[in-house]
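The structure appears right after this line, and notes come after that.
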Amino acid sequence: MQNKHIKEFLNYYIGLPNPQYAVLLKGKWGSGKTHFINEYKNELNKNKQKYIYVSLYGITSYDEIETKFLEAIHPTLYNKKTIFAGKIAKQLLKATLKIDWDGNQQENAEIEVKIPDLKPEDLLNTKYYILIFDDLERCSINIINLLGYINFFVEHQSYKVILIANEKELKKTKKYKTIKEKLIGKTFEFKTNSSLAYDSFLIELKNENRVKENILEKQKSNILELFEKSQSNNLRALRQTLLDFERFYDEVLVNHQAKEELIKDILYWFFVFSFEIREGNNDILDLQKLSEEYYYYLFFEEKTKEDAEKIKFKLFLNKYKLSDRFDVIISFDLWKEILLNSNIQKEEIDLALRNSKYYFDKNTPSWKKLSNFYNLEDKEFKELLEDVYKEFYKNNYKEYKQFKFVASMLLDFQQKDLFDFKKDELFELVKTNFTVLFDEKIFNFEDIYFIENEFSALDANLRYRDKESFKKLQKYIDDFLEEKKKLKLKNDSKLIIQCIKEKNKSQLLDLLEGNDIRIINYKYIPILSQSNIHNLFDALIKTDCITMHYFGGIIKGRYNHQTNELLSEKTTLQNLLDKIDEYLEKNQGKLSSYNLKKEVKENIEIALKYIENIEIQTNKV
């Protein structure tokens with residue numbers, strides 16, 4: 001049994017009449033030292049061996065240590081709310097332990113303890129107690145002074161003392177080595193028993209959906225193997241990851257428990273990522289980017305192979321024996337939300353799982369099967385590729401995300417020399433099919449604009465977005481959409497004039513004042529710049545006063561918020577104002593002219609003054 005020799009020695013040590021030294025049990029934080037000593041305390045209890053256990057975590061004074069002594073020795077008598085604290089504790093302990101707490105070899109005359117019919121010895125007979133001090137390095141008392149304090153128990157009072165600490169932290173203090181040689185006679189390095197700890201952690205689970213029996217007991221050896229590869233040796237990391245996995249299982253994986261291989265796949269990455277994150281290596285979630293950096297250095301930079309080997313991607317690969325062709329079912333962006341933000345986006349994760357290879361069957365389309373090409377045989381890969389290309393050539397992928405994914409996949413295969421097709425010809429085919437689907441109104445501009453601008457993080461092309469072929473495709477789509485956007489802007493600018501003519505005030509507000517649910521929100525886009533001034537002016541002089549009021553009010557407040565992009569409307573406003581002035585000069589005395597002046601002209605002048613002030617401030621900067 002691991003660490004059995006430590007128990008055996010401690011039993012021997014306790015049996016010594018006057019050892020005159022302390023025993024140190026050392027190990028990293030989270031290595032299981034406290035768990036070990038708790039088990040040993042249970043053994044002491046069974047043997048009716050008395051002890052005082054004190055955790056020094058956060059202790060700032062000797063009075064606090066004395067208080068903890070009292071709590072441990074006589075919990076029934078001691079009550080924080082009533083009696084025995086501070087100096088009283090010191091006096092009681094002094095009587096029994098015979099320690100000069102004040103360092104003056106004299107009784108403290110200021111303390112008068114009166115306890116009827118009870119002698120201090122009766123309360124605190126500690127002659128046969130063992131003293132156990134845990135978390136030594138986490139005490140706020142100066143470590144050299146603290147060890148000198150503990151040494152008094154050992155050297156002058158013949159107490160048997162067990163110290164528990166992360167010695168790596170203690171060694172940072174000068175003179176530690178000197179006082180250690182005087183105080184500590186035997187040191188043991190605790191060996192992490194991850195197997196026993198794992199079993200005890202499983203007992204802590206709620207286990208409402210039997211995650212323990214269904215998965216964690218079966219996967220114990222695989223999880224512990226990953227824990228060993230992580231080189232963490234921090235049992236707290238193992239415990240917390242098991243607890244986190246139970247939550248993830250209850251939230252998501254329980255709905256997929258029939259897919260055993262899928263569960264194992266997700267479990268593998270969950271524990272690898274979690275162990276690294278708990279060691280401060282959050283960049284494990286940028287594995288894809290690290291991979292590209294590695295190959296860039298390896299093949300394109302003037303670096304040696306040794307330099308490339310030092311890049312974190314290679315270190316992670318070597319650490320966990322990963323394949324260069326690693327593939328994660330859940331996107332790295334979703335993993336970041338799960339593990340860094342504790343945000344489990346159930347719908348997106350569930351969709352990713354159901355689109356994985358583990359749900360493939362005879363009815364699964366070829367393009368989905370081909371998306372997991374790493375695991376295919378040569379013959380199957382060739383057949384699927386031919387089928388996907390045939391369907392793409394016929395332009396049968398009519399759902400936008402699907403079309404983009406297939407196009408990205410084919411272009412990537414071509415770049416990898418897995419698809420024998422002339423580079424320019426394939427890209428021309430992609431552009432032609434894309435245009436045709438638009439012209440046939442199968443692809444809708446607003447839908448695609450919304451997808452590209454709002455849901456890029458959920459795009460099925462996440463795996464390709466850093467590839468050169470994908471960047472070329474994305475640029476083509478962006479340029480295409482930009483042209484369509486300009487055309488839509490031109491057409492929608494005509495709607496403004498139509499709204500004024502038809503006195504449609506609600507749509508006029510929607511177009512010019514803005515609407516956050518619009519695909520393209522003209523609150524921030526200079527749509528007026530596209531308007532035909534003559535037609536706009538003609539519509540305004542023929543409309544009613546209320547519509548003039550709405551139009552003027554919108555113009556007055558349009559430049560109060562986001563103005564940088566709207567400054568180009570200044571020319572349109574100035575030209576419109578000139579036409580209004582010319583009209584008013586020839587049509588004085590009319591009610592319609594008065595309304596045009598008050599509702600439109602004056603508000604345009606306010607807007608122009610506001611724009612000019614912005615321009616002045618901008619020029620100053």
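Naming scheme: A, B, ... for chains in displayed order of the structure tokens; residues 1 onward per chain; ligands 1 onward as shown.
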
Next on the checklist: DSSP on the backbone, helix (DSSP H, G or I) only: what residues of segment 352-565 of chain A does that give? Format it as a PyMOL selection string.
Outcome noted: chain A and resi 352-354+357-359+366-370+373-375+378-393+400-415+423-439+445-454+456-458+468-502+505-512+527-530+533-542+545-557+564-565

Store the residues picked out above in a file with C-alpha atoms, as a compact mmCIF listing (two decimals), in the first residue's frame.
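Final output, saved to again_2.txt:
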# COMPACT_ATOMS: atom_id res chain seq x y z
CA ALA A 352 -22.76 19.55 -32.11
CA LEU A 353 -23.10 16.12 -30.50
CA ARG A 354 -25.96 15.05 -32.79
CA LYS A 357 -19.89 10.84 -36.41
CA TYR A 358 -21.39 8.92 -33.49
CA TYR A 359 -24.86 9.62 -34.83
CA SER A 366 -22.25 12.06 -47.53
CA TRP A 367 -21.04 15.56 -46.65
CA LYS A 368 -21.57 14.89 -42.94
CA LYS A 369 -19.69 11.61 -43.10
CA LEU A 370 -16.92 13.29 -45.04
CA PHE A 373 -12.64 12.13 -42.91
CA TYR A 374 -9.69 11.40 -40.60
CA ASN A 375 -11.18 8.06 -39.60
CA ASP A 378 -9.18 5.28 -48.54
CA LYS A 379 -11.97 3.69 -50.56
CA GLU A 380 -14.74 5.16 -48.43
CA PHE A 381 -13.13 8.60 -48.50
CA LYS A 382 -12.90 8.52 -52.30
CA GLU A 383 -16.52 7.42 -52.72
CA LEU A 384 -17.85 10.05 -50.34
CA LEU A 385 -15.75 12.80 -51.92
CA GLU A 386 -17.00 11.89 -55.39
CA ASP A 387 -20.61 11.92 -54.18
CA VAL A 388 -20.23 15.27 -52.39
CA TYR A 389 -18.56 16.87 -55.41
CA LYS A 390 -21.26 15.54 -57.72
CA GLU A 391 -23.98 17.09 -55.54
CA PHE A 392 -22.05 20.34 -55.26
CA TYR A 393 -21.52 20.48 -59.02
CA TYR A 400 -26.57 28.56 -46.82
CA LYS A 401 -24.56 27.15 -43.91
CA GLN A 402 -24.46 23.73 -45.54
CA PHE A 403 -23.33 25.23 -48.86
CA LYS A 404 -20.57 27.22 -47.16
CA PHE A 405 -19.41 24.22 -45.15
CA VAL A 406 -19.22 21.92 -48.20
CA ALA A 407 -17.45 24.58 -50.26
CA SER A 408 -14.94 25.11 -47.42
CA MET A 409 -14.39 21.37 -47.10
CA LEU A 410 -13.77 20.85 -50.84
CA LEU A 411 -11.38 23.81 -50.99
CA ASP A 412 -9.52 22.47 -47.96
CA PHE A 413 -9.23 18.99 -49.50
CA GLN A 414 -7.84 20.62 -52.62
CA GLN A 415 -5.29 22.55 -50.53
CA LYS A 423 -7.52 25.33 -58.04
CA ASP A 424 -9.05 28.21 -60.00
CA GLU A 425 -11.73 26.03 -61.57
CA LEU A 426 -13.02 24.84 -58.20
CA PHE A 427 -13.18 28.35 -56.80
CA GLU A 428 -14.96 29.57 -59.93
CA LEU A 429 -17.51 26.79 -59.48
CA VAL A 430 -18.08 27.94 -55.88
CA LYS A 431 -18.65 31.55 -57.00
CA THR A 432 -20.94 30.52 -59.86
CA ASN A 433 -23.12 28.32 -57.64
CA PHE A 434 -23.25 30.98 -54.96
CA THR A 435 -24.40 33.63 -57.44
CA VAL A 436 -26.99 31.34 -59.02
CA LEU A 437 -28.54 30.57 -55.64
CA PHE A 438 -28.82 34.30 -55.02
CA ASP A 439 -30.27 35.05 -58.42
CA PHE A 445 -29.46 38.55 -48.58
CA GLU A 446 -30.87 39.59 -45.21
CA ASP A 447 -30.76 36.05 -43.81
CA ILE A 448 -27.14 35.58 -44.83
CA TYR A 449 -26.16 39.06 -43.66
CA PHE A 450 -27.68 38.24 -40.27
CA ILE A 451 -25.89 34.86 -40.08
CA GLU A 452 -22.52 36.34 -41.01
CA ASN A 453 -22.77 39.29 -38.61
CA GLU A 454 -24.55 37.80 -35.61
CA SER A 456 -20.28 33.72 -36.74
CA ALA A 457 -19.31 32.05 -33.43
CA LEU A 458 -21.74 29.21 -34.17
CA GLU A 468 -6.14 30.29 -46.48
CA SER A 469 -8.74 28.72 -48.79
CA PHE A 470 -11.51 29.62 -46.35
CA LYS A 471 -10.24 33.19 -45.96
CA LYS A 472 -10.40 33.56 -49.74
CA LEU A 473 -13.98 32.22 -49.77
CA GLN A 474 -14.96 34.46 -46.84
CA LYS A 475 -13.56 37.53 -48.61
CA TYR A 476 -15.58 36.70 -51.70
CA ILE A 477 -18.76 36.33 -49.62
CA ASP A 478 -18.05 39.56 -47.71
CA ASP A 479 -17.44 41.49 -50.92
CA PHE A 480 -20.58 39.99 -52.46
CA LEU A 481 -22.65 40.95 -49.43
CA GLU A 482 -21.19 44.45 -49.41
CA GLU A 483 -22.37 44.99 -52.99
CA LYS A 484 -25.80 43.63 -52.11
CA LYS A 485 -25.85 45.88 -49.06
CA LYS A 486 -25.14 48.95 -51.21
CA LEU A 487 -27.90 47.96 -53.60
CA LYS A 488 -30.33 47.44 -50.70
CA LEU A 489 -29.30 50.78 -49.24
CA LYS A 490 -30.10 52.47 -52.57
CA ASN A 491 -33.47 50.74 -52.81
CA ASP A 492 -34.39 51.41 -49.20
CA SER A 493 -33.54 55.10 -49.61
CA LYS A 494 -36.44 55.24 -52.10
CA LEU A 495 -38.68 53.88 -49.36
CA ILE A 496 -38.10 57.08 -47.36
CA ILE A 497 -39.59 59.13 -50.17
CA GLN A 498 -42.44 56.64 -50.56
CA CYS A 499 -43.21 56.82 -46.81
CA ILE A 500 -43.39 60.63 -46.97
CA LYS A 501 -45.71 60.46 -49.97
CA GLU A 502 -47.94 57.84 -48.36
CA LYS A 505 -45.02 57.70 -40.26
CA SER A 506 -44.30 54.38 -38.49
CA GLN A 507 -42.18 53.05 -41.37
CA LEU A 508 -40.46 56.41 -41.68
CA LEU A 509 -39.50 56.16 -38.01
CA ASP A 510 -38.33 52.60 -38.52
CA LEU A 511 -36.08 53.57 -41.42
CA LEU A 512 -34.51 56.76 -40.07
CA ILE A 527 -29.16 56.07 -45.94
CA LEU A 528 -30.09 59.71 -46.67
CA SER A 529 -26.90 60.05 -48.73
CA GLN A 530 -28.46 57.66 -51.23
CA ILE A 533 -32.76 65.19 -53.48
CA HIS A 534 -35.32 66.31 -56.07
CA ASN A 535 -37.70 63.45 -55.29
CA LEU A 536 -37.22 63.89 -51.53
CA PHE A 537 -37.94 67.63 -51.73
CA ASP A 538 -40.97 67.11 -53.98
CA ALA A 539 -42.42 64.59 -51.51
CA LEU A 540 -41.90 66.93 -48.55
CA ILE A 541 -43.68 69.97 -50.02
CA LYS A 542 -46.69 67.82 -50.94
CA CYS A 545 -47.89 68.87 -41.46
CA ILE A 546 -47.77 65.77 -39.21
CA THR A 547 -45.49 63.88 -41.61
CA MET A 548 -43.28 67.01 -41.87
CA HIS A 549 -43.19 67.07 -38.05
CA TYR A 550 -42.07 63.43 -37.88
CA PHE A 551 -39.41 63.86 -40.58
CA GLY A 552 -38.01 67.07 -39.05
CA GLY A 553 -37.97 65.63 -35.54
CA ILE A 554 -36.06 62.55 -36.70
CA ILE A 555 -33.49 64.70 -38.53
CA LYS A 556 -33.04 66.94 -35.48
CA GLY A 557 -32.14 64.01 -33.20
CA ASN A 564 -19.14 59.39 -37.37
CA GLU A 565 -20.70 57.26 -40.10

Would you write out, as JSON lines, a table of all residues in segment 207-294 of chain A that have an atom no more than 8 Å from an atom of segment 12-36 of chain A, listing for each the closest atom pair and the distance in Å to one decimal, considering only C-alpha atoms and ordering rows by chain and rising residue number?
{"residue": "A:Asn233", "atom": "CA", "partner": "A:Ser31", "partner_atom": "CA", "distance": 5.8}
{"residue": "A:Asn234", "atom": "CA", "partner": "A:Gly30", "partner_atom": "CA", "distance": 4.3}
{"residue": "A:Leu235", "atom": "CA", "partner": "A:Gly30", "partner_atom": "CA", "distance": 4.9}
{"residue": "A:Arg236", "atom": "CA", "partner": "A:Gly30", "partner_atom": "CA", "distance": 5.1}
{"residue": "A:Ala237", "atom": "CA", "partner": "A:Gly30", "partner_atom": "CA", "distance": 7.5}

Sorted per-residue table, segment 148-215 of chain A near segment 57-71 of chain A, closest atoms and distance, 12 Å, only C-alpha atoms, as CSV:
residue,atom,partner,partner_atom,distance
A:Tyr149,CA,A:Tyr62,CA,9.0
A:Ile150,CA,A:Tyr62,CA,10.8
A:Ile164,CA,A:Tyr57,CA,11.4
A:Ala165,CA,A:Tyr57,CA,10.7

Item to check | Filtered DSSP result for segment 151-371 of chain A, state strand (DSSP E or B), as a VMD selection string | outcome: chain A and resid 160 to 165 184 to 189

Item to check | Surrounding residues of segment 336-345 of chain A excluding itself and chain neighbours under 5 positions, 9 Å, only C-alpha atoms, as an MDAnalysis selection string | outcome: chainID A and resid 244 248 251:252 270 273:274 277 282 285 331 350

Checklist entry - Could you pull the residues within 7 Å of Ile52 of chain A, counting only C-alpha atoms, minus those fewer than 4 positions along the same chain, as a list in words? => result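 Residues meeting the cut-off are Phe69, Ala72, Ile73, Tyr129, Ile130, Leu131 and Ile132 of chain A.
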
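Contact shell of segment 312-329 of chain A at 8 Å (only C-alpha atoms; same-chain neighbours under 2 positions omitted): Leu226, Lys229, Ser230, Ile266, Trp269, Ile284, Leu287, Leu290, Ser291, Tyr294, Ala308, Glu309, Lys310, Ser331, Phe332, Ala352, Leu353, Ser356 and Tyr374 of chain A.
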